[in-house]
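> To start, I am sharing the structure in question, which I have written as structure tokens.
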Amino acid sequence: MNPLSKNFVRASLVYFFIAAILGTIMISMKSYPAQLLFTHVHLNLLGWMSMMIFGVGYHILPRFSGTPLAYPKLGNLQFYIANIGLVGLVSFRPIHPVARNLCKSAGDFRRLVCV
């Protein structure tokens with residue numbers, strides 16, 4: 001397995017364990033803040049699932065075509081941007097003023113989004 005695929009799989013496992021710990025904490029709490037649910041869901045979907053799909057894809061797809069990656073540096077760039085973006089998403093959403101104002105606004109759809 002090439003280092004790029006290994007990095008994606010490792011990152012996905014780290015996100016899985018963090019999300020599992022958050023899920024365990026949420027089970028033990030009777031009431032939990034919406035930010036904890038947001039973080040748990042996004043670490044599972046974007047962290048664990050997406051990073052695993054990227055890692056497996058970077059491992060399998062070049063073997064299907066029989067050629068190495070044309071631009072491996074773009075894969076590394078994707079790895080860093082995806083991880084920085086995910087950590088930024090779950091870290092800075094609660095303090096972002098636009099997100100706060102959207103969640104305080106009226107509207108059924110916005111209430112569903114801001115759970």
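Identifiers for the structure tokens are assigned positionally: chains receive A, B, ... in sequence, residues are indexed from 1 per chain, and ligands are indexed from 1 in the order shown.
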When you look at Leu89 in chain A with a cut-off of 9 Å (counting only C-alpha atoms), what residues show up, excluding the ones that are within fewer than 5 positions of it in the same chain? I need them as a ChimeraX atom specification.
/A:39,42,84
> Could those residues be written to a file, using N, CA and C atoms, as a compact mmCIF listing (two decimals), in the first residue's frame?

# COMPACT_ATOMS: atom_id res chain seq x y z
N THR A 39 -20.55 17.46 15.77
CA THR A 39 -19.17 16.97 15.71
C THR A 39 -19.13 15.46 15.50
N HIS A 42 -20.27 14.58 11.83
CA HIS A 42 -19.33 14.96 10.79
C HIS A 42 -18.00 14.21 10.89
N ILE A 84 -7.55 19.43 7.24
CA ILE A 84 -7.62 20.78 7.81
C ILE A 84 -9.06 21.28 7.75
> What parts of chain A does DSSP call helix (DSSP H, G or I)? I'd like the answer as a count of residues only.
93
> Can you work out the spacing between CA of Trp48 in chain A and CA of Leu86 in chain A in Å, to one decimal?
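These atoms are spaced 10.8 Å apart.
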> Give me, as a tab-separated table, the closest atom pair and its distance (Å, one decimal) for every residue of range 25-109 of chain A within a cut-off of 8 Å of range 2-9 of chain A, counting only C-alpha atoms, rows sorted by chain and rising number.

residue	atom	partner	partner_atom	distance
A:Met51	CA	A:Phe8	CA	5.3
A:Met52	CA	A:Val9	CA	5.3
A:Phe54	CA	A:Phe8	CA	6.6
A:Gly55	CA	A:Ser5	CA	4.2
A:Val56	CA	A:Ser5	CA	6.5
A:Gly57	CA	A:Ser5	CA	8.0
A:Tyr58	CA	A:Ser5	CA	5.7
A:His59	CA	A:Ser5	CA	5.8
A:Gly75	CA	A:Leu4	CA	7.0
A:Asn76	CA	A:Leu4	CA	6.7
A:Phe79	CA	A:Phe8	CA	6.9
> Which one of A:Met49, A:Ala34, A:Val41, A:Met1 sits closest to Ala19 in chain A if you count only C-alpha atoms?
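Under the stated criterion, the closest residue is A:Val41.
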